[in-house]
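Enquirer: Just so it is clear, I am handing over run_16.txt, which has compact mmCIF, C-alpha atoms.
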# COMPACT_ATOMS: atom_id res chain seq x y z
CA MET A 1 0.00 0.00 0.00
CA LYS A 2 1.26 3.43 -0.92
CA ILE A 3 -0.53 6.61 0.21
CA ALA A 4 0.23 10.28 0.84
CA SER A 5 1.23 10.55 4.50
CA PRO A 6 -1.19 13.43 5.25
CA GLN A 7 -4.04 11.46 3.65
CA LEU A 8 -3.30 8.40 5.80
CA LEU A 9 -3.13 10.51 8.96
CA ASN A 10 -6.39 12.27 8.03
CA GLU A 11 -8.15 8.93 7.50
CA LEU A 12 -6.85 7.52 10.79
CA THR A 13 -7.76 10.74 12.62
CA ASP A 14 -11.31 10.63 11.22
CA LEU A 15 -11.74 7.00 12.29
CA THR A 16 -10.44 7.77 15.78
CA LYS A 17 -12.82 10.73 16.11
CA GLN A 18 -15.70 8.45 15.08
CA HIS A 19 -14.63 5.92 17.71
CA LEU A 20 -14.46 8.62 20.39
CA SER A 21 -17.90 9.95 19.48
CA TYR A 22 -19.41 6.46 19.58
CA ILE A 23 -17.78 5.53 22.89
CA GLN A 24 -19.00 8.79 24.48
CA GLN A 25 -22.56 7.77 23.59
CA LEU A 26 -22.14 4.50 25.50
CA LYS A 27 -21.94 6.40 28.78
CA ALA A 28 -25.69 7.07 28.56
CA LEU A 29 -26.56 3.37 28.36
CA PRO A 30 -27.65 1.36 31.39
CA ASP A 31 -25.26 -1.16 32.94
CA GLN A 32 -27.40 -4.04 31.68
CA ALA A 33 -26.80 -3.03 28.03
CA LEU A 34 -23.06 -2.69 28.61
CA THR A 35 -22.66 -6.04 30.37
CA GLN A 36 -25.00 -8.30 28.38
CA LYS A 37 -23.50 -11.14 26.35
CA ALA A 38 -24.79 -13.28 23.51
CA ASP A 39 -23.39 -16.36 25.29
CA ALA A 40 -20.85 -17.39 27.94
CA THR A 41 -17.87 -17.12 25.59
CA SER A 42 -18.84 -13.76 24.04
CA TRP A 43 -17.58 -10.42 25.29
CA SER A 44 -19.84 -7.71 26.62
CA ALA A 45 -19.41 -4.13 25.44
CA LEU A 46 -17.36 -3.35 28.56
CA GLU A 47 -15.15 -6.39 28.00
CA CYS A 48 -14.50 -5.25 24.41
CA ILE A 49 -13.49 -1.83 25.72
CA GLU A 50 -11.23 -3.37 28.37
CA HIS A 51 -9.57 -5.45 25.64
CA LEU A 52 -8.85 -2.24 23.69
CA ASN A 53 -7.54 -0.57 26.85
CA ARG A 54 -5.07 -3.41 27.39
CA TYR A 55 -3.66 -2.94 23.89
CA GLY A 56 -3.63 0.83 24.35
CA HIS A 57 -1.54 0.44 27.50
CA PHE A 58 1.15 -1.13 25.31
CA TYR A 59 0.89 0.80 22.05
CA LEU A 60 0.32 4.39 23.16
CA PRO A 61 3.53 4.63 25.24
CA GLU A 62 5.44 2.74 22.53
CA ILE A 63 4.30 5.14 19.79
CA SER A 64 4.91 8.17 21.99
CA LYS A 65 8.43 7.01 22.88
CA ARG A 66 9.38 6.37 19.25
CA ILE A 67 8.08 9.78 18.14
CA ALA A 68 9.99 11.50 20.97
CA GLU A 69 13.25 9.70 20.08
CA THR A 70 13.20 10.49 16.37
CA LYS A 71 15.09 13.14 14.51
CA THR A 72 13.31 12.50 11.21
CA ASP A 73 11.20 14.86 9.15
CA ALA A 74 7.86 13.96 7.61
CA ALA A 75 7.94 12.02 4.35
CA PRO A 76 5.33 12.96 1.74
CA VAL A 77 4.40 9.33 1.03
CA PHE A 78 3.91 6.35 3.31
CA LYS A 79 4.71 2.94 1.83
CA SER A 80 3.49 0.08 3.97
CA GLY A 81 5.77 -2.84 4.78
CA TRP A 82 4.53 -6.27 3.72
CA LEU A 83 4.13 -7.56 7.29
CA GLY A 84 2.62 -4.33 8.58
CA ASN A 85 0.18 -4.24 5.68
CA TYR A 86 -0.79 -7.87 6.38
CA PHE A 87 -1.39 -7.16 10.09
CA ALA A 88 -3.31 -3.95 9.39
CA ASN A 89 -5.56 -5.54 6.78
CA SER A 90 -6.22 -8.54 9.02
CA MET A 91 -7.58 -6.16 11.69
CA LEU A 92 -10.16 -4.56 9.42
CA PRO A 93 -13.68 -5.83 10.06
CA LYS A 94 -14.99 -8.04 7.27
CA GLU A 95 -18.56 -8.65 6.07
CA LYS A 96 -18.45 -12.04 7.80
CA LEU A 97 -16.18 -11.31 10.73
CA ASN A 98 -13.18 -13.57 10.94
CA ASN A 99 -12.69 -14.65 14.54
CA MET A 100 -9.20 -14.16 15.91
CA LYS A 101 -7.59 -15.84 18.89
CA THR A 102 -6.76 -13.41 21.70
CA PHE A 103 -3.70 -13.77 23.90
CA ALA A 104 -4.67 -14.66 27.47
CA ALA A 105 -3.28 -11.42 28.91
CA MET A 106 -5.45 -9.44 26.50
CA ASN A 107 -8.61 -11.49 27.05
CA PRO A 108 -10.97 -9.72 29.48
CA LEU A 109 -13.61 -12.47 29.50
CA ASN A 110 -15.23 -12.62 32.95
CA SER A 111 -12.76 -10.11 34.42
CA PRO A 112 -14.08 -7.72 37.07
CA ILE A 113 -14.86 -4.64 34.95
CA ASP A 114 -16.91 -1.53 35.55
CA ARG A 115 -17.93 1.56 33.60
CA ALA A 116 -14.57 3.21 34.34
CA VAL A 117 -13.16 1.34 31.32
CA ILE A 118 -15.16 3.74 29.12
CA ASP A 119 -13.39 6.79 30.55
CA THR A 120 -10.01 5.07 30.23
CA PHE A 121 -10.67 4.28 26.57
CA MET A 122 -11.87 7.82 25.87
CA LEU A 123 -8.58 9.12 27.30
CA GLN A 124 -6.67 6.63 25.15
CA LEU A 125 -8.52 7.78 22.03
CA GLN A 126 -7.72 11.41 22.87
CA THR A 127 -4.06 10.43 23.33
CA MET A 128 -4.15 8.72 19.94
CA LEU A 129 -5.52 11.90 18.35
CA ASP A 130 -2.64 13.85 19.92
CA LEU A 131 -0.12 11.27 18.64
CA LEU A 132 -1.61 11.39 15.13
CA GLN A 133 -1.10 15.15 15.17
CA GLN A 134 2.53 14.69 16.24
CA CYS A 135 3.00 12.15 13.43
CA ARG A 136 2.47 14.90 10.87
CA SER A 137 6.03 16.08 11.49
CA VAL A 138 7.85 12.71 11.56
CA ASN A 139 8.66 10.00 9.03
CA LEU A 140 6.07 7.23 9.17
CA ASN A 141 8.38 4.99 7.10
CA THR A 142 11.64 5.08 9.04
CA ILE A 143 10.38 5.11 12.64
CA LYS A 144 9.92 1.53 13.82
CA THR A 145 7.81 0.36 16.75
CA SER A 146 7.69 -2.89 18.65
CA ILE A 147 4.46 -4.85 18.57
CA SER A 148 2.60 -6.40 21.47
CA ILE A 149 3.17 -10.01 20.44
CA SER A 150 6.97 -9.79 20.18
CA SER A 151 9.60 -7.14 20.82
CA LEU A 152 11.66 -8.79 18.08
CA ILE A 153 9.20 -7.75 15.37
CA LYS A 154 9.19 -4.07 14.43
CA LEU A 155 6.70 -2.33 12.17
CA LYS A 156 6.85 1.02 10.46
CA LEU A 157 5.08 3.67 12.53
CA GLY A 158 2.47 4.17 9.80
CA ASP A 159 1.64 0.46 9.88
CA THR A 160 1.49 0.40 13.68
CA LEU A 161 -0.99 3.28 13.63
CA ARG A 162 -3.10 1.40 11.09
CA VAL A 163 -2.99 -1.82 13.13
CA VAL A 164 -4.07 -0.12 16.37
CA ILE A 165 -6.81 2.02 14.83
CA TYR A 166 -8.17 -0.76 12.61
CA HIS A 167 -8.16 -3.03 15.70
CA ASN A 168 -10.22 -0.35 17.47
CA GLU A 169 -12.60 -0.26 14.49
CA ARG A 170 -13.01 -4.02 14.61
CA HIS A 171 -14.00 -3.96 18.27
CA VAL A 172 -16.18 -0.85 18.04
CA LYS A 173 -18.26 -2.86 15.57
CA GLN A 174 -18.23 -5.77 18.03
CA ILE A 175 -19.43 -3.42 20.81
CA ALA A 176 -22.33 -2.30 18.61
CA ARG A 177 -23.33 -5.96 18.12
CA ALA A 178 -22.99 -6.69 21.84
CA ILE A 179 -25.39 -3.93 22.92
CA GLN A 180 -28.10 -4.79 20.38
In structure tokens, write the structure found in this file.
Expert:
Amino acid sequence: MKIASPQLLNELTDLTKQHLSYIQQLKALPDQALTQKADATSWSALECIEHLNRYGHFYLPEISKRIAETKTDAAPVFKSGWLGNYFANSMLPKEKLNNMKTFAAMNPLNSPIDRAVIDTFMLQLQTMLDLLQQCRSVNLNTIKTSISISSLIKLKLGDTLRVVIYHNERHVKQIARAIQ
């Protein structure tokens, strides 16, 4: 995938703003709607949000650190790496959602969770918006970030942003299904 860097950042910013707007609306829902599950192995809306928070606890500091350490200038075009493009595209929700296995540490099923996870996620989304703004002045191609599954694998910053935000998109759709 090859795209103008500002266009990519605009698209990711728009998606993140949509996620923030949607999550803010959840605060008005009763607890019953936020904790209901289709079955014993499904996640509730709050469990989906907690799952996203757990990933945010890894990725937001990692992205922030890499941006702070760089001495690069923005590149006009972002060219995805093959692995980063694969990971990002695998996160996008499909018509018939492909189930993915979740690492145990990231699986919130039956964890003690309350509405506070909503506020945490809203803060994480706001942090992501701030990071996306900072990314406008750095090179999305040359900055590399670790990923949550292995510190040995590094992705281009542009791909990491896509992975995290597309992962959010995937679970925002799952939240919408959980509260119906």
Enquirer: May I have the protein, DNA and RNA residues with an atom at most 12 Å from (-16.4, 10.5, 22.4), counting all atoms listed in the file in the file's coordinates, returned as number ranges by chain?
Expert: A: 15-28, 118-126, 129
Enquirer: For region 76-165 of chain A versus region 56-65 of chain A, which residues have an atom no more than 12 Å away, and what is each residue's nearest atom pair and distance in Å rounded to one decimal, using only C-alpha atoms, chain-then-number order, as CSV?
Expert:
residue,atom,partner,partner_atom,distance
A:Ala105,CA,A:Phe58,CA,11.8
A:Met106,CA,A:Gly56,CA,10.6
A:Val117,CA,A:Gly56,CA,11.8
A:Thr120,CA,A:Gly56,CA,9.7
A:Phe121,CA,A:Gly56,CA,8.1
A:Met122,CA,A:Gly56,CA,10.9
A:Leu123,CA,A:Gly56,CA,10.1
A:Gln124,CA,A:Gly56,CA,6.6
A:Leu125,CA,A:Gly56,CA,8.8
A:Gln126,CA,A:Leu60,CA,10.7
A:Thr127,CA,A:Leu60,CA,7.5
A:Met128,CA,A:Leu60,CA,7.0
A:Leu129,CA,A:Leu60,CA,10.7
A:Asp130,CA,A:Ser64,CA,9.7
A:Leu131,CA,A:Ser64,CA,6.8
A:Leu132,CA,A:Ile63,CA,9.8
A:Gln133,CA,A:Ser64,CA,11.5
A:Gln134,CA,A:Ser64,CA,9.0
A:Cys135,CA,A:Ile63,CA,9.6
A:Val138,CA,A:Ile63,CA,11.7
A:Leu140,CA,A:Ile63,CA,11.0
A:Ile143,CA,A:Ile63,CA,9.4
A:Lys144,CA,A:Ile63,CA,9.0
A:Thr145,CA,A:Ile63,CA,6.7
A:Ser146,CA,A:Glu62,CA,7.2
A:Ile147,CA,A:Tyr59,CA,7.5
A:Ser148,CA,A:Phe58,CA,6.7
A:Ile149,CA,A:Phe58,CA,10.3
A:Ser150,CA,A:Phe58,CA,11.6
A:Ser151,CA,A:Glu62,CA,10.9
A:Lys154,CA,A:Glu62,CA,11.2
A:Leu155,CA,A:Ile63,CA,10.9
A:Lys156,CA,A:Ile63,CA,10.5
A:Leu157,CA,A:Ile63,CA,7.4
A:Gly158,CA,A:Ile63,CA,10.2
A:Asp159,CA,A:Ile63,CA,11.3
A:Thr160,CA,A:Ile63,CA,8.2
A:Leu161,CA,A:Ile63,CA,8.3
A:Arg162,CA,A:Tyr59,CA,11.7
A:Val163,CA,A:Tyr59,CA,10.1
A:Val164,CA,A:Tyr59,CA,7.6
A:Ile165,CA,A:Gly56,CA,10.1
Enquirer: Using all atoms listed in the file for the distances, tell me which of A:His167, A:Lys71, A:Arg115, A:Arg66 is nearest to Leu46 (chain A).
Expert: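 Using all atoms listed in the file, the shortest distance to Leu46 (chain A) belongs to A:Arg115.
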Enquirer: What is the CA of Asp31 (chain A) to CA of Ala116 (chain A) distance in Å?
Expert: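 Separating CA of Asp31 (chain A) from CA of Ala116 (chain A) is a distance of 11.6 Å.
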Enquirer: Which residues are near Arg177 (chain A)? Cut-off 10 Å, only C-alpha atoms, ignore same chain within fewer than 3 positions. Put them as a list of chain:residue names.
Expert: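 Once the adjacent positions are removed, what remains is A:Lys37, A:Ala38, A:Ser44, A:Ala45, A:His171, A:Val172, A:Lys173, A:Gln174, A:Gln180.
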Enquirer: Using the file's own x, y and z axes, so that the box edges lie along x, y and z, what centre and edge lengths in Å (one decimal) does a box around every listed atom of region 18-30 of chain A get when 8 Å is added on each side? Give it as AutoDock Vina command-line options.
Expert:
--center_x -21.1 --center_y 5.7 --center_z 23.2 --size_x 29.2 --size_y 24.6 --size_z 32.3
Enquirer: Which one is closest to Gln7 (chain A): A:Pro108, A:Pro76, A:Gly81, A:Pro30? Count only C-alpha atoms.
Expert: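 Smallest distance to Gln7 (chain A) is found for A:Pro76.
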Enquirer: Because the input lacks atoms here, generate all heavy atoms for region 112-123 of chain A and report them as a CSV table (one decimal), keeping the file's coordinate frame.
Expert:
chain,number,residue,atom,x,y,z
A,112,PRO,N,-13.3,-8.7,36.4
A,112,PRO,CA,-14.1,-7.7,37.1
A,112,PRO,C,-13.9,-6.4,36.4
A,112,PRO,O,-12.8,-5.8,36.4
A,112,PRO,CB,-13.5,-7.7,38.5
A,112,PRO,CG,-12.2,-8.3,38.4
A,112,PRO,CD,-12.2,-9.2,37.2
A,113,ILE,N,-14.9,-5.9,35.8
A,113,ILE,CA,-14.9,-4.6,35.0
A,113,ILE,C,-16.0,-3.8,35.3
A,113,ILE,O,-17.1,-4.3,35.5
A,113,ILE,CB,-14.9,-5.0,33.4
A,113,ILE,CG1,-13.7,-5.8,33.0
A,113,ILE,CG2,-15.0,-3.7,32.6
A,113,ILE,CD1,-13.8,-6.3,31.6
A,114,ASP,N,-15.8,-2.5,35.4
A,114,ASP,CA,-16.9,-1.5,35.6
A,114,ASP,C,-16.9,-0.4,34.5
A,114,ASP,O,-16.0,-0.4,33.6
A,114,ASP,CB,-16.9,-1.0,37.0
A,114,ASP,CG,-15.7,-0.1,37.3
A,114,ASP,OD1,-15.1,0.5,36.4
A,114,ASP,OD2,-15.3,-0.1,38.5
A,115,ARG,N,-17.8,0.5,34.6
A,115,ARG,CA,-17.9,1.6,33.6
A,115,ARG,C,-16.7,2.4,33.4
A,115,ARG,O,-16.6,3.1,32.5
A,115,ARG,CB,-19.1,2.4,34.0
A,115,ARG,CG,-20.4,1.7,34.0
A,115,ARG,CD,-21.5,2.7,34.5
A,115,ARG,NE,-21.9,3.6,33.5
A,115,ARG,CZ,-22.8,3.4,32.6
A,115,ARG,NH1,-23.5,2.2,32.6
A,115,ARG,NH2,-23.1,4.3,31.7
A,116,ALA,N,-15.8,2.4,34.4
A,116,ALA,CA,-14.6,3.2,34.3
A,116,ALA,C,-13.7,2.9,33.1
A,116,ALA,O,-13.0,3.7,32.6
A,116,ALA,CB,-13.7,3.0,35.6
A,117,VAL,N,-13.9,1.7,32.5
A,117,VAL,CA,-13.2,1.3,31.3
A,117,VAL,C,-13.5,2.3,30.2
A,117,VAL,O,-12.7,2.5,29.3
A,117,VAL,CB,-13.3,-0.1,30.9
A,117,VAL,CG1,-12.8,-1.1,32.0
A,117,VAL,CG2,-14.8,-0.5,30.5
A,118,ILE,N,-14.7,2.8,30.2
A,118,ILE,CA,-15.2,3.7,29.1
A,118,ILE,C,-14.3,5.0,29.2
A,118,ILE,O,-13.8,5.5,28.2
A,118,ILE,CB,-16.7,4.1,29.2
A,118,ILE,CG1,-17.5,2.8,29.0
A,118,ILE,CG2,-17.1,5.1,28.2
A,118,ILE,CD1,-19.0,3.0,29.3
A,119,ASP,N,-14.2,5.6,30.4
A,119,ASP,CA,-13.4,6.8,30.6
A,119,ASP,C,-11.9,6.6,30.2
A,119,ASP,O,-11.3,7.4,29.5
A,119,ASP,CB,-13.5,7.3,32.0
A,119,ASP,CG,-14.9,7.8,32.3
A,119,ASP,OD1,-15.5,8.4,31.4
A,119,ASP,OD2,-15.3,7.6,33.5
A,120,THR,N,-11.4,5.4,30.6
A,120,THR,CA,-10.0,5.1,30.2
A,120,THR,C,-9.8,5.0,28.7
A,120,THR,O,-8.9,5.6,28.2
A,120,THR,CB,-9.6,3.7,30.8
A,120,THR,OG1,-9.7,3.8,32.3
A,120,THR,CG2,-8.2,3.3,30.5
A,121,PHE,N,-10.8,4.4,28.0
A,121,PHE,CA,-10.7,4.3,26.6
A,121,PHE,C,-10.8,5.6,25.9
A,121,PHE,O,-10.1,5.9,24.9
A,121,PHE,CB,-11.7,3.3,26.0
A,121,PHE,CG,-11.5,3.0,24.6
A,121,PHE,CD1,-10.2,2.6,24.1
A,121,PHE,CD2,-12.5,3.0,23.7
A,121,PHE,CE1,-10.0,2.3,22.7
A,121,PHE,CE2,-12.3,2.7,22.3
A,121,PHE,CZ,-11.1,2.4,21.9
A,122,MET,N,-11.7,6.5,26.4
A,122,MET,CA,-11.9,7.8,25.9
A,122,MET,C,-10.6,8.6,26.0
A,122,MET,O,-10.2,9.3,25.1
A,122,MET,CB,-13.0,8.5,26.6
A,122,MET,CG,-14.4,8.0,26.1
A,122,MET,SD,-15.8,8.6,27.1
A,122,MET,CE,-15.5,10.4,27.1
A,123,LEU,N,-9.9,8.5,27.1
A,123,LEU,CA,-8.6,9.1,27.3
A,123,LEU,C,-7.6,8.6,26.3
A,123,LEU,O,-6.7,9.3,25.8
A,123,LEU,CB,-8.1,9.0,28.7
A,123,LEU,CG,-8.8,9.8,29.8
A,123,LEU,CD1,-8.3,9.4,31.2
A,123,LEU,CD2,-8.5,11.3,29.5
